[in-house]
>>> print(open('target02.cif').read())   # mmCIF, C-alpha atoms and all ligand atoms
data_my_file
loop_
_atom_site.label_atom_id
_atom_site.label_comp_id
_atom_site.auth_asym_id
_atom_site.auth_seq_id
_atom_site.Cartn_x
_atom_site.Cartn_y
_atom_site.Cartn_z
CA MET T 648 -104.75 57.35 80.43
CA ALA T 649 -106.77 56.95 83.64
CA MET T 650 -103.99 58.66 85.55
CA PHE T 651 -103.95 61.63 83.23
CA GLU T 652 -107.70 62.07 83.49
CA ASP T 653 -107.66 61.87 87.26
CA TYR T 654 -105.05 64.57 87.49
CA TYR T 655 -106.92 66.65 84.97
CA ILE T 656 -110.08 66.65 87.08
CA ILE T 657 -108.28 67.71 90.20
CA THR T 658 -106.40 70.74 89.09
CA GLN T 659 -103.44 71.95 91.06
CA LYS T 660 -105.31 75.16 91.81
CA ASP T 661 -108.26 73.21 93.17
CA LEU T 662 -106.03 71.33 95.49
CA GLU T 663 -104.21 74.45 96.62
CA ASP T 664 -107.51 76.21 97.33
CA ILE T 665 -108.85 73.31 99.28
CA LYS T 666 -105.62 72.65 101.11
CA ASP T 667 -105.26 76.28 102.16
CA SER T 668 -108.78 76.54 103.43
CA ILE T 669 -109.18 73.30 105.31
CA SER T 670 -105.82 71.69 105.93
CA THR T 671 -105.67 72.85 109.52
CA GLN T 672 -109.30 72.15 110.30
CA ASP T 673 -111.07 69.17 111.79
CA LEU T 674 -113.72 67.40 109.75
CA PRO T 675 -116.84 69.33 110.90
CA SER T 676 -115.11 72.71 110.39
CA ALA T 677 -113.84 71.64 106.99
CA ILE T 678 -117.36 70.70 105.95
CA ASN T 679 -118.61 74.09 107.15
CA THR T 680 -115.88 75.93 105.27
CA ILE T 681 -116.82 74.30 101.98
CA LYS T 682 -120.56 74.72 102.58
CA GLU T 683 -120.04 78.38 103.42
CA TYR T 684 -117.92 78.87 100.29
CA LEU T 685 -120.63 77.36 98.08
CA LYS T 686 -123.35 79.33 99.85
CA GLN T 687 -121.50 82.63 99.44
CA GLN T 688 -121.07 81.87 95.77
CA ASP T 689 -124.83 81.47 95.43
CA LEU T 690 -125.44 84.81 97.10
CA VAL T 691 -123.44 86.89 94.62
CA GLU T 692 -125.82 89.42 93.12
CA LEU T 693 -125.87 90.85 89.64
CA ASN T 694 -127.99 93.90 88.83
CA ILE T 695 -128.29 94.98 85.23
CA GLY T 696 -130.06 98.23 84.36
CA VAL T 697 -131.68 98.28 80.91
CA THR T 698 -132.48 101.76 79.66
CA GLY T 699 -133.28 103.57 76.42
CA GLU T 700 -136.04 105.48 74.69
CA SER T 701 -139.62 104.40 74.91
CA GLY T 702 -140.37 101.61 72.46
CA SER T 703 -136.68 100.81 71.77
CA GLY T 704 -137.09 97.20 72.93
CA LYS T 705 -136.00 97.38 76.58
CA SER T 706 -138.64 95.04 77.95
CA THR T 707 -138.14 92.59 75.10
CA PHE T 708 -134.41 92.51 75.90
CA VAL T 709 -135.09 92.09 79.64
CA ASN T 710 -137.13 89.00 78.80
CA ALA T 711 -134.80 87.49 76.20
CA PHE T 712 -131.75 87.98 78.42
CA ARG T 713 -133.46 85.84 81.06
CA GLY T 714 -134.37 83.20 78.47
CA LEU T 715 -138.04 84.16 78.47
CA GLY T 716 -140.47 84.93 75.68
CA ASP T 717 -142.78 87.94 75.97
CA GLU T 718 -145.75 85.76 76.89
CA ASP T 719 -143.99 83.63 79.50
CA GLU T 720 -144.77 83.78 83.18
CA GLY T 721 -142.63 86.40 84.91
CA SER T 722 -141.96 88.30 81.67
CA ALA T 723 -141.96 92.08 81.37
CA GLU T 724 -144.84 93.55 79.43
CA THR T 725 -143.95 94.62 75.89
CA GLY T 726 -145.96 96.44 73.28
CA THR T 727 -146.40 99.22 70.79
CA ILE T 728 -147.82 101.71 73.29
CA GLU T 729 -145.68 103.12 76.09
CA THR T 730 -145.63 100.40 78.71
CA THR T 731 -142.73 100.88 81.13
CA MET T 732 -143.09 103.94 83.34
CA GLU T 733 -141.09 103.01 86.41
CA SER T 734 -138.09 100.86 87.36
CA LYS T 735 -138.93 97.27 87.93
CA ASP T 736 -136.65 94.39 88.72
CA TYR T 737 -137.17 91.11 86.91
CA LEU T 738 -135.61 88.13 88.57
CA HIS T 739 -133.87 85.46 86.58
CA PRO T 740 -136.11 82.38 86.73
CA LYS T 741 -133.25 80.11 87.80
CA TYR T 742 -130.77 82.46 89.47
CA LYS T 743 -132.89 84.71 91.67
CA ASN T 744 -129.92 86.86 92.64
CA VAL T 745 -129.60 87.98 89.02
CA LYS T 746 -131.92 90.91 88.49
CA VAL T 747 -132.50 92.60 85.18
CA TRP T 748 -134.05 96.01 85.74
CA ASP T 749 -136.47 97.44 83.21
CA LEU T 750 -135.94 101.17 83.61
CA PRO T 751 -138.26 104.00 82.52
CA GLY T 752 -137.78 105.45 79.03
CA ILE T 753 -135.30 108.29 78.47
CA GLY T 754 -135.64 111.18 76.03
CA THR T 755 -138.93 112.68 77.15
CA PRO T 756 -139.00 116.48 76.59
CA ASN T 757 -137.93 117.26 80.17
CA PHE T 758 -135.33 114.50 80.37
CA LYS T 759 -132.39 115.29 82.63
CA ALA T 760 -129.79 112.56 82.93
CA ASP T 761 -128.70 113.41 86.47
CA GLU T 762 -132.25 113.40 87.80
CA TYR T 763 -132.99 110.21 85.90
CA LEU T 764 -130.01 108.39 87.40
CA GLU T 765 -130.99 109.51 90.89
CA LEU T 766 -134.53 108.33 90.25
CA VAL T 767 -133.46 104.86 89.15
CA GLN T 768 -130.90 104.62 91.98
CA PHE T 769 -127.90 104.22 89.74
CA GLU T 770 -125.60 102.86 92.49
CA ARG T 771 -127.39 99.53 92.53
CA TYR T 772 -126.42 98.45 88.99
CA ASP T 773 -123.31 96.55 88.04
CA PHE T 774 -123.69 98.08 84.59
CA PHE T 775 -126.21 99.65 82.26
CA ILE T 776 -127.36 98.56 78.84
CA ILE T 777 -128.47 101.50 76.75
CA ILE T 778 -130.77 100.45 73.95
CA ALA T 779 -131.56 102.47 70.84
CA SER T 780 -133.66 101.21 67.97
CA GLU T 781 -132.77 104.12 65.71
CA ARG T 782 -130.06 106.73 65.65
CA PHE T 783 -128.35 107.80 68.82
CA ARG T 784 -129.57 111.10 70.09
CA GLU T 785 -128.76 113.87 72.50
CA CYS T 786 -130.48 112.04 75.39
CA HIS T 787 -128.06 109.11 74.91
CA THR T 788 -125.02 111.37 75.17
CA GLN T 789 -126.35 113.04 78.25
CA LEU T 790 -127.00 109.69 79.85
CA VAL T 791 -123.58 108.29 78.92
CA LYS T 792 -121.77 111.31 80.28
CA GLU T 793 -123.66 111.12 83.53
CA ILE T 794 -123.13 107.36 83.86
CA MET T 795 -119.40 107.86 83.30
CA ARG T 796 -119.35 110.66 85.86
CA MET T 797 -120.89 108.26 88.36
CA GLY T 798 -118.12 105.74 87.62
CA LYS T 799 -120.45 103.11 86.18
CA ARG T 800 -120.13 100.97 83.05
CA PHE T 801 -122.50 100.84 80.11
CA TYR T 802 -122.95 99.01 76.82
CA PHE T 803 -124.63 100.50 73.77
CA VAL T 804 -127.07 98.26 72.00
CA ARG T 805 -128.67 98.97 68.64
CA SER T 806 -131.81 96.84 68.79
CA LYS T 807 -134.32 95.34 66.32
CA ILE T 808 -131.58 94.33 63.90
CA ASP T 809 -133.72 91.51 62.50
CA PHE T 810 -136.19 94.13 61.36
CA CYS T 811 -133.48 96.25 59.68
CA ILE T 812 -132.15 93.20 57.85
CA ILE T 813 -135.56 92.29 56.47
CA ALA T 814 -136.18 95.87 55.36
CA GLU T 815 -132.79 96.09 53.67
CA GLU T 816 -133.22 92.74 51.97
CA ARG T 817 -136.54 93.84 50.57
CA LYS T 818 -135.03 97.06 49.30
CA ARG T 819 -131.85 95.66 47.75
CA LYS T 820 -133.14 92.30 46.59
CA LYS T 821 -130.32 90.61 44.63
CA ASN T 822 -127.68 93.04 45.84
CA PHE T 823 -128.42 92.34 49.46
CA ASP T 824 -125.34 91.47 51.52
CA GLN T 825 -126.00 90.84 55.21
CA LYS T 826 -122.49 91.54 56.40
CA LYS T 827 -122.36 94.80 54.50
CA THR T 828 -125.73 95.81 55.90
CA LEU T 829 -124.63 95.08 59.46
CA ASP T 830 -121.33 96.94 58.97
CA THR T 831 -123.19 99.95 57.63
CA ILE T 832 -125.59 100.03 60.58
CA ARG T 833 -122.72 99.63 63.03
CA GLU T 834 -120.66 102.39 61.41
CA ASP T 835 -123.65 104.64 61.27
CA CYS T 836 -124.34 104.19 64.99
CA GLU T 837 -120.69 104.59 65.90
CA ASN T 838 -120.46 107.78 63.86
CA GLY T 839 -123.62 109.01 65.51
CA LEU T 840 -122.03 108.47 68.90
CA ARG T 841 -118.76 110.09 67.81
CA ASN T 842 -120.70 113.13 66.60
CA ILE T 843 -122.18 113.56 70.01
CA GLY T 844 -118.77 113.48 71.66
CA ILE T 845 -118.15 109.83 72.56
CA GLU T 846 -114.62 108.65 71.78
CA ASP T 847 -114.07 105.07 70.59
CA PRO T 848 -117.69 104.01 70.70
CA VAL T 849 -118.56 100.33 70.59
CA VAL T 850 -122.05 99.40 69.47
CA PHE T 851 -123.59 95.95 69.72
CA LEU T 852 -126.16 95.05 67.10
CA ILE T 853 -128.84 92.94 68.75
CA SER T 854 -132.23 91.46 68.09
CA GLY T 855 -134.32 90.83 71.19
CA TRP T 856 -136.30 88.40 69.07
CA GLU T 857 -133.25 86.38 68.03
CA LEU T 858 -130.87 87.11 70.86
CA GLY T 859 -128.28 84.48 69.96
CA LYS T 860 -127.60 86.10 66.57
CA TYR T 861 -125.61 89.17 65.48
CA ASP T 862 -123.41 90.76 68.21
CA PHE T 863 -124.69 89.02 71.32
CA ASN T 864 -121.50 86.99 71.70
CA GLN T 865 -119.38 90.10 71.57
CA LEU T 866 -121.65 91.70 74.15
CA GLN T 867 -121.48 88.81 76.61
CA GLU T 868 -117.72 88.55 76.15
CA ARG T 869 -117.26 92.19 76.95
CA MET T 870 -119.57 92.05 79.97
CA GLU T 871 -117.74 89.04 81.32
CA LYS T 872 -114.33 90.60 80.80
CA GLU T 873 -115.26 93.81 82.55
CA LEU T 874 -117.11 92.34 85.52
CA PRO T 875 -115.23 91.75 88.77
CA GLN T 876 -113.94 88.18 89.00
CA HIS T 877 -116.48 86.99 91.57
CA LYS T 878 -119.43 88.10 89.40
CA ARG T 879 -118.36 86.42 86.16
CA ARG T 880 -119.52 82.99 87.18
CA VAL T 881 -123.09 84.04 87.90
CA LEU T 882 -123.32 85.94 84.60
CA MET T 883 -122.24 82.88 82.64
CA LEU T 884 -124.60 80.56 84.50
CA ALA T 885 -127.55 82.91 84.09
CA LEU T 886 -127.17 83.64 80.37
CA PRO T 887 -129.49 81.62 78.16
CA ASN T 888 -127.71 78.79 76.37
CA ILE T 889 -128.09 80.36 72.94
CA THR T 890 -124.61 80.32 71.41
CA LEU T 891 -121.82 77.76 71.31
CA GLU T 892 -119.50 80.20 73.06
CA ILE T 893 -121.91 80.57 75.96
CA ASN T 894 -122.34 76.81 76.08
CA GLU T 895 -118.57 76.39 76.47
CA LYS T 896 -118.27 79.06 79.14
CA LYS T 897 -121.13 77.63 81.16
CA LYS T 898 -119.31 74.33 81.17
CA LYS T 899 -116.13 75.98 82.44
CA ALA T 900 -118.02 77.85 85.17
CA LEU T 901 -119.68 74.64 86.39
CA GLU T 902 -116.42 72.70 86.17
CA GLU T 903 -114.79 75.05 88.66
CA ASN T 904 -116.95 73.70 91.46
CA ILE T 905 -116.37 70.00 90.89
CA GLY T 906 -113.45 69.74 93.29
CA LYS T 907 -115.35 71.37 96.12
CA VAL T 908 -118.56 69.46 95.57
CA ALA T 909 -116.65 66.17 95.44
CA LEU T 910 -114.81 67.01 98.63
CA LEU T 911 -118.02 67.95 100.40
CA SER T 912 -119.65 64.78 99.22
CA ALA T 913 -116.69 62.73 100.46
CA CYS T 914 -116.52 64.49 103.83
CA VAL T 915 -120.23 64.36 104.55
CA ALA T 916 -120.52 60.69 103.61
CA THR T 917 -119.81 58.46 106.56
CA VAL T 918 -121.39 55.26 105.31
CA PRO T 919 -120.07 53.43 102.29
CA ILE T 920 -122.58 52.75 99.57
CA PRO T 921 -123.47 49.08 99.09
CA GLY T 922 -121.85 47.69 96.00
CA LEU T 923 -119.31 50.49 95.85
CA SER T 924 -116.05 50.71 97.69
CA VAL T 925 -116.63 54.39 98.35
CA GLY T 926 -118.75 56.55 100.60
CA VAL T 927 -120.55 59.29 98.72
CA ASP T 928 -123.26 61.73 99.67
CA LEU T 929 -125.69 61.03 96.87
CA ALA T 930 -127.97 63.99 97.57
CA ILE T 931 -125.11 66.43 96.96
CA VAL T 932 -124.19 64.73 93.70
CA LYS T 933 -127.82 64.64 92.54
CA THR T 934 -128.35 68.35 93.25
CA GLU T 935 -125.19 69.20 91.34
CA ILE T 936 -126.29 67.26 88.27
CA GLU T 937 -129.73 68.84 88.39
CA THR T 938 -127.97 72.20 88.35
CA TYR T 939 -126.12 71.15 85.17
CA TYR T 940 -129.38 70.31 83.41
CA SER T 941 -131.06 73.49 84.57
CA THR T 942 -128.12 75.76 83.70
CA PHE T 943 -127.91 74.40 80.16
CA GLY T 944 -131.68 74.67 79.74
CA LEU T 945 -132.13 70.90 79.37
CA ASP T 946 -134.62 70.54 82.23
CA ASP T 947 -138.15 69.70 81.08
CA PRO T 948 -139.73 73.17 81.47
CA SER T 949 -136.86 74.77 79.50
CA LEU T 950 -137.04 72.11 76.78
CA GLN T 951 -140.78 72.68 76.55
CA LYS T 952 -140.18 76.40 75.95
CA LEU T 953 -137.55 75.64 73.35
CA CYS T 954 -140.00 73.36 71.54
CA GLU T 955 -142.60 76.10 71.39
CA LYS T 956 -140.02 78.40 69.81
CA SER T 957 -138.33 75.96 67.46
CA GLY T 958 -141.35 73.86 66.43
CA LYS T 959 -139.61 70.63 67.53
CA THR T 960 -141.13 68.13 69.93
CA ILE T 961 -139.61 67.17 73.27
CA GLU T 962 -139.18 63.61 71.96
CA GLU T 963 -137.26 64.88 68.95
CA LEU T 964 -134.91 66.90 71.14
CA LYS T 965 -134.48 64.13 73.70
CA SER T 966 -133.67 61.63 70.98
CA LEU T 967 -130.61 63.73 70.13
CA MET T 968 -129.31 63.59 73.69
CA LYS T 969 -126.74 60.98 74.68
CA SER T 970 -126.04 61.47 78.39
CA PRO T 971 -126.97 58.35 80.38
CA LEU T 972 -128.86 60.66 82.74
CA ARG T 973 -131.26 61.98 80.10
CA PHE T 974 -134.02 59.56 81.14
CA GLY T 975 -134.00 60.77 84.73
CA ILE T 976 -131.64 61.86 87.45
CA ASN T 977 -132.34 59.34 90.15
CA LEU T 978 -130.36 57.35 92.67
CA ALA T 979 -130.13 54.31 90.41
CA SER T 980 -128.74 56.24 87.44
CA ILE T 981 -126.28 58.13 89.63
CA LEU T 982 -125.11 54.99 91.37
CA SER T 983 -124.46 53.29 88.07
CA LEU T 984 -122.30 56.21 86.88
CA LEU T 985 -120.44 56.32 90.19
CA GLY T 986 -119.81 52.61 89.90
CA ALA T 987 -118.33 53.04 86.44
CA ALA T 988 -116.22 56.00 87.58
CA SER T 989 -114.88 54.16 90.63
CA LEU T 990 -113.67 51.26 88.49
CA ALA T 991 -111.49 53.54 86.42
CA VAL T 992 -109.87 55.35 89.33
CA ALA T 993 -106.13 54.81 89.56
CA GLU T 994 -104.83 53.93 93.00
CA ASN T 995 -101.92 56.31 92.93
CA ALA T 996 -104.26 59.20 92.08
CA VAL T 997 -106.09 58.45 95.31
CA GLU T 998 -102.86 58.29 97.27
CA TYR T 999 -101.74 61.56 95.77
CA VAL T 1000 -104.98 63.31 96.70
CA ALA T 1001 -105.04 61.80 100.19
CA SER T 1002 -101.47 62.97 100.79
CA LEU T 1003 -102.44 66.52 99.89
CA ILE T 1004 -105.74 66.55 101.78
CA PRO T 1005 -105.04 64.48 104.87
CA ILE T 1006 -108.49 65.14 106.26
CA LEU T 1007 -109.86 62.76 103.66
CA GLY T 1008 -108.10 59.97 105.45
CA THR T 1009 -110.44 60.41 108.40
CA VAL T 1010 -113.55 59.51 106.42
CA VAL T 1011 -114.41 56.11 105.03
CA ALA T 1012 -112.45 55.66 101.79
CA GLY T 1013 -112.22 59.46 101.61
CA GLY T 1014 -109.60 59.85 98.87
CA MET T 1015 -111.27 57.22 96.75
CA SER T 1016 -114.65 58.87 97.18
CA TYR T 1017 -113.25 62.27 96.25
CA VAL T 1018 -111.61 61.05 93.07
CA THR T 1019 -114.64 58.96 92.08
CA VAL T 1020 -117.12 61.81 92.46
CA SER T 1021 -114.81 64.30 90.70
CA ARG T 1022 -114.43 61.93 87.80
CA MET T 1023 -118.12 61.12 87.62
CA LEU T 1024 -119.20 64.78 87.74
CA LYS T 1025 -116.65 65.76 85.14
CA ARG T 1026 -117.88 63.09 82.76
CA ALA T 1027 -121.55 63.92 83.44
CA LEU T 1028 -120.84 67.61 82.82
CA ASP T 1029 -119.02 66.86 79.55
CA ASP T 1030 -121.94 64.72 78.35
CA ILE T 1031 -124.61 67.21 79.39
CA ALA T 1032 -122.74 70.15 77.81
CA GLU T 1033 -122.41 68.13 74.61
CA ASP T 1034 -126.15 67.34 74.66
CA ALA T 1035 -126.90 71.02 75.21
CA ARG T 1036 -124.74 71.87 72.23
CA THR T 1037 -126.51 69.35 70.03
CA VAL T 1038 -129.94 70.54 71.12
CA LEU T 1039 -128.94 74.16 70.56
CA MET T 1040 -127.72 73.44 67.03
CA ALA T 1041 -130.82 71.41 66.21
CA SER T 1042 -133.15 74.09 67.53
CA VAL T 1043 -131.58 76.81 65.43
CA GLY T 1044 -131.73 74.58 62.38
CA THR T 1045 -128.03 73.75 61.99
CA ALA T 1046 -127.22 70.22 60.96
CA VAL T 1047 -125.63 68.25 63.76
N1 LIG H 1 -138.57 93.12 65.09
C1 LIG H 1 -138.27 93.37 66.35
N2 LIG H 1 -139.17 93.98 67.15
C2 LIG H 1 -138.84 94.21 68.43
C3 LIG H 1 -137.58 93.85 68.96
N3 LIG H 1 -137.53 94.22 70.25
C4 LIG H 1 -138.72 94.79 70.52
N4 LIG H 1 -139.52 94.79 69.44
C5 LIG H 1 -140.90 95.29 69.35
O1 LIG H 1 -140.89 96.69 69.59
C6 LIG H 1 -142.01 97.08 70.39
C7 LIG H 1 -141.54 97.75 71.67
O2 LIG H 1 -140.82 96.82 72.44
P1 LIG H 1 -140.73 96.88 74.02
O3 LIG H 1 -139.80 95.81 74.42
O4 LIG H 1 -142.07 96.92 74.63
O5 LIG H 1 -140.02 98.31 74.17
P2 LIG H 1 -139.76 99.17 75.48
O6 LIG H 1 -138.49 99.89 75.25
O7 LIG H 1 -139.85 98.31 76.68
O8 LIG H 1 -140.98 100.19 75.44
P3 LIG H 1 -141.60 101.07 76.65
O9 LIG H 1 -141.80 100.18 77.80
O10 LIG H 1 -142.87 101.58 76.07
O11 LIG H 1 -140.63 102.17 76.90
C8 LIG H 1 -142.80 95.79 70.67
O12 LIG H 1 -143.84 95.68 69.74
C9 LIG H 1 -141.76 94.71 70.46
O13 LIG H 1 -142.33 93.47 70.09
C10 LIG H 1 -136.64 93.20 68.09
O14 LIG H 1 -135.51 92.84 68.44
N5 LIG H 1 -137.04 92.98 66.80
MG MG H 2 -141.09 98.39 78.31
#
>>> encode(input="target02.cif", output="structure tokens", more="lines below")
Ligand SMILES: Nc1nc2c(ncn2[C@@H]2O[C@H](COP(=O)(O)OP(=O)(O)OP(=O)(O)O)[C@@H](O)[C@H]2O)c(=O)[nH]1
Ligand SMILES: [Mg+2]
Amino acid sequence: MAMFEDYYIITQKDLEDIKDSISTQDLPSAINTIKEYLKQQDLVELNIGVTGESGSGKSTFVNAFRGLGDEDEGSAETGTIETTMESKDYLHPKYKNVKVWDLPGIGTPNFKADEYLELVQFERYDFFIIIASERFRECHTQLVKEIMRMGKRFYFVRSKIDFCIIAEERKRKKNFDQKKTLDTIREDCENGLRNIGIEDPVVFLISGWELGKYDFNQLQERMEKELPQHKRRVLMLALPNITLEINEKKKKALEENIGKVALLSACVATVPIPGLSVGVDLAIVKTEIETYYSTFGLDDPSLQKLCEKSGKTIEELKSLMKSPLRFGINLASILSLLGAASLAVAENAVEYVASLIPILGTVVAGGMSYVTVSRMLKRALDDIAEDARTVLMASVGTAV
């Protein structure tokens, strides 16, 4: 069993990547290669342009997409009077290289799509989100055609769906059927788009007030699929942890780095840790685990925000969490997990790894350290992802 798990952590692809990049290097260059790789990964930018008519819910979406409420610090101003007159970039609170741009409203009497796209500097966006809170109109077609001409991608969003549902429920009373209502709105929007000349339209029904509901999963799936490979990771990390699908994808995105972080930690460590037969750079491991908590929204400030929204207390949410690190990520708690992980490491897994990455042989207990940290991070990530899942389900009122 231990053997299987060890091999599972260190995927063949991981090893190939690492081997290719550092097998011919000496230790200091190998460390630099991995550091540079991780740094480059952190520099990948994502620019999302959010556009639509005035009052359609652009600013609300810009906030919700970044996991913020309208009153939170760093949020875009929202309201019933026209509020957004010029392009403004809103940084993601945790991933500063993710920028969601709140663009000026379209559809004013003199609206010209080509001039508009020049004005907002269309080249800078990875894709556009076009938001409509009612029917699609001529200005939407114009904009779509121009965006396509510029070779950019876009996604159509029909916003304020929560509001439509409530209105429909009130109207139909006993005959109300949510699925039917949503299908009707979707068909209506798609027909609207077809009528203005768009073939095969896809419309995502979204509520900026309850972003995790309705079509948000379909939207994130589509965005992820259509982004270039190197940008997918940052999208998944930056999305708020509001659906089980996103939770799972965040875990996968974080998992991909375990091999490299473990290798870096093994290479940088030159002194064995007392009480453990391995040398590990604890600061690297600690930072990585803090990233897990932050990415899943389980850090204290994020939990606080979730409490305000869900009406739960921090204590209630924390009592649902099981990860041994939930009481604090400190050297003692990390050491204890590393100790447990090192005990379960199979010797032949270490030999296997050391034979593939000979450079590990030049550091104190290098292979052992690598396998121990990989195993520990994998387990910590599994536990934290599971806690995030439980907290998510509890905060949306689903029994756990
Ligand atoms: N019920 C409901 N109301 C929403 C939703 N999204 C936005 N609103 C409300 O609609 C109004 C306009 O929202 P904004 O986000 O300010 O719209 P905007 O497109 O940025 O408007 P401008 O900046 O004026 O162009 C505000 O009162 C929002 O609270 C939603 O998903 N559901
Ligand atoms: Mg606005």
>>> closest_residue(input="target02.cif", among="T:Cys811, T:Val1000, T:Val747, T:Ala677", to="ligand LIG 1 (chain H)", atoms="only C-alpha atoms and all ligand atoms")
T:Cys811
>>> residues_around(input="target02.cif", residues="T:Lys682", least_positions_apart="5", cutoff="10 Å", atoms="all atoms listed in the file", output="PyMOL selection string")
chain T and resi 676-677+687-688+907-908+911
>>> axis_aligned_box(input="target02.cif", around="ligand LIG 1 (chain H)", padding_each_side="3 Å", output="JSON")
{"center_x": -139.7, "center_y": 97.5, "center_z": 71.4, "size_x": 14.3, "size_y": 15.3, "size_z": 18.7}
>>> closest_residue(input="target02.cif", among="T:Lys741, T:Arg1036, T:Lys705, T:Lys686", to="T:Glu895", atoms="only C-alpha atoms")
T:Arg1036
>>> residues_near_ligand(input="target02.cif", ligand="ligand MG 2 (chain H)", cutoff="10 Å", atoms="all atoms listed in the file", output="PDB file with C-alpha atoms, keeping the file's coordinate frame")
ATOM      1  CA  VAL T 697    -131.680  98.280  80.910  1.00  0.00           C
ATOM      2  CA  THR T 698    -132.480 101.760  79.660  1.00  0.00           C
ATOM      3  CA  GLY T 699    -133.280 103.570  76.420  1.00  0.00           C
ATOM      4  CA  GLU T 700    -136.040 105.480  74.690  1.00  0.00           C
ATOM      5  CA  SER T 701    -139.620 104.400  74.910  1.00  0.00           C
ATOM      6  CA  GLY T 702    -140.370 101.610  72.460  1.00  0.00           C
ATOM      7  CA  SER T 703    -136.680 100.810  71.770  1.00  0.00           C
ATOM      8  CA  GLY T 704    -137.090  97.200  72.930  1.00  0.00           C
ATOM      9  CA  LYS T 705    -136.000  97.380  76.580  1.00  0.00           C
ATOM     10  CA  SER T 706    -138.640  95.040  77.950  1.00  0.00           C
ATOM     11  CA  THR T 707    -138.140  92.590  75.100  1.00  0.00           C
ATOM     12  CA  PHE T 708    -134.410  92.510  75.900  1.00  0.00           C
ATOM     13  CA  VAL T 709    -135.090  92.090  79.640  1.00  0.00           C
ATOM     14  CA  ALA T 723    -141.960  92.080  81.370  1.00  0.00           C
ATOM     15  CA  GLU T 724    -144.840  93.550  79.430  1.00  0.00           C
ATOM     16  CA  THR T 725    -143.950  94.620  75.890  1.00  0.00           C
ATOM     17  CA  GLY T 726    -145.960  96.440  73.280  1.00  0.00           C
ATOM     18  CA  THR T 727    -146.400  99.220  70.790  1.00  0.00           C
ATOM     19  CA  ILE T 728    -147.820 101.710  73.290  1.00  0.00           C
ATOM     20  CA  GLU T 729    -145.680 103.120  76.090  1.00  0.00           C
ATOM     21  CA  THR T 730    -145.630 100.400  78.710  1.00  0.00           C
ATOM     22  CA  THR T 731    -142.730 100.880  81.130  1.00  0.00           C
ATOM     23  CA  MET T 732    -143.090 103.940  83.340  1.00  0.00           C
ATOM     24  CA  GLU T 733    -141.090 103.010  86.410  1.00  0.00           C
ATOM     25  CA  SER T 734    -138.090 100.860  87.360  1.00  0.00           C
ATOM     26  CA  LYS T 735    -138.930  97.270  87.930  1.00  0.00           C
ATOM     27  CA  ASP T 749    -136.470  97.440  83.210  1.00  0.00           C
ATOM     28  CA  LEU T 750    -135.940 101.170  83.610  1.00  0.00           C
ATOM     29  CA  PRO T 751    -138.260 104.000  82.520  1.00  0.00           C
ATOM     30  CA  GLY T 752    -137.780 105.450  79.030  1.00  0.00           C
TER      31      GLY T 752
END
>>> residues_near_point(input="target02.cif", point="(-129.9, 92.0, 69.4)", cutoff="7 Å", atoms="all atoms listed in the file", output="list of chain:residue names")
T:Ser806, T:Lys807, T:Ile808, T:Leu852, T:Ile853, T:Ser854, T:Gly855, T:Glu857, T:Leu858, T:Lys860, T:Tyr861, T:Asp862, T:Phe863
>>> atom_distance(input="target02.cif", atom1="atom CA of T:Pro848", atom2="atom CA of T:Asn694")
23.2 Å
>>> atom_distance(input="target02.cif", atom1="atom CA of T:Ser1021", atom2="atom CA of T:Ile905")
5.9 Å
>>> closest_residue(input="target02.cif", among="T:Gly696, T:Val1018, T:Thr1037, T:Leu929", to="T:Ile889", atoms="all atoms listed in the file")
T:Thr1037
>>> atom_distance(input="target02.cif", atom1="atom CA of T:Gly926", atom2="atom CA of T:Thr1019")
9.8 Å
>>> closest_residue(input="target02.cif", among="T:Phe943, T:Phe774, T:Tyr763, T:Phe851", to="T:Glu793", atoms="only C-alpha atoms")
T:Tyr763
>>> residues_around(input="target02.cif", residues="T:Asp689", least_positions_apart="3", cutoff="12 Å", atoms="all atoms listed in the file", output="VMD selection string")
chain T and resid 682 to 686 692 to 693 741 to 745 877 to 878 880 to 882 884 to 885 904
>>> closest_residue(input="target02.cif", among="T:Ile931, T:Ile812, T:Ile794, T:Ala1001", to="T:Lys827", atoms="all atoms listed in the file")
T:Ile812
>>> closest_residue(input="target02.cif", among="T:Phe974, T:Trp856, T:Tyr1017, T:Phe810", to="T:Ser989", atoms="all atoms listed in the file")
T:Tyr1017
>>> residues_near_point(input="target02.cif", point="(-136.4, 62.4, 84.9)", cutoff="10 Å", atoms="only C-alpha atoms", output="ChimeraX atom specification")
/T:937,946-947,972-977
>>> residues_around(input="target02.cif", residues="T:Val997", least_positions_apart="5", cutoff="9 Å", atoms="all atoms listed in the file", output="list in words")
Asp653, Val992, Ser1002, Gly1013, Gly1014, Met1015, Ser1016, Tyr1017 and Val1018 of chain T
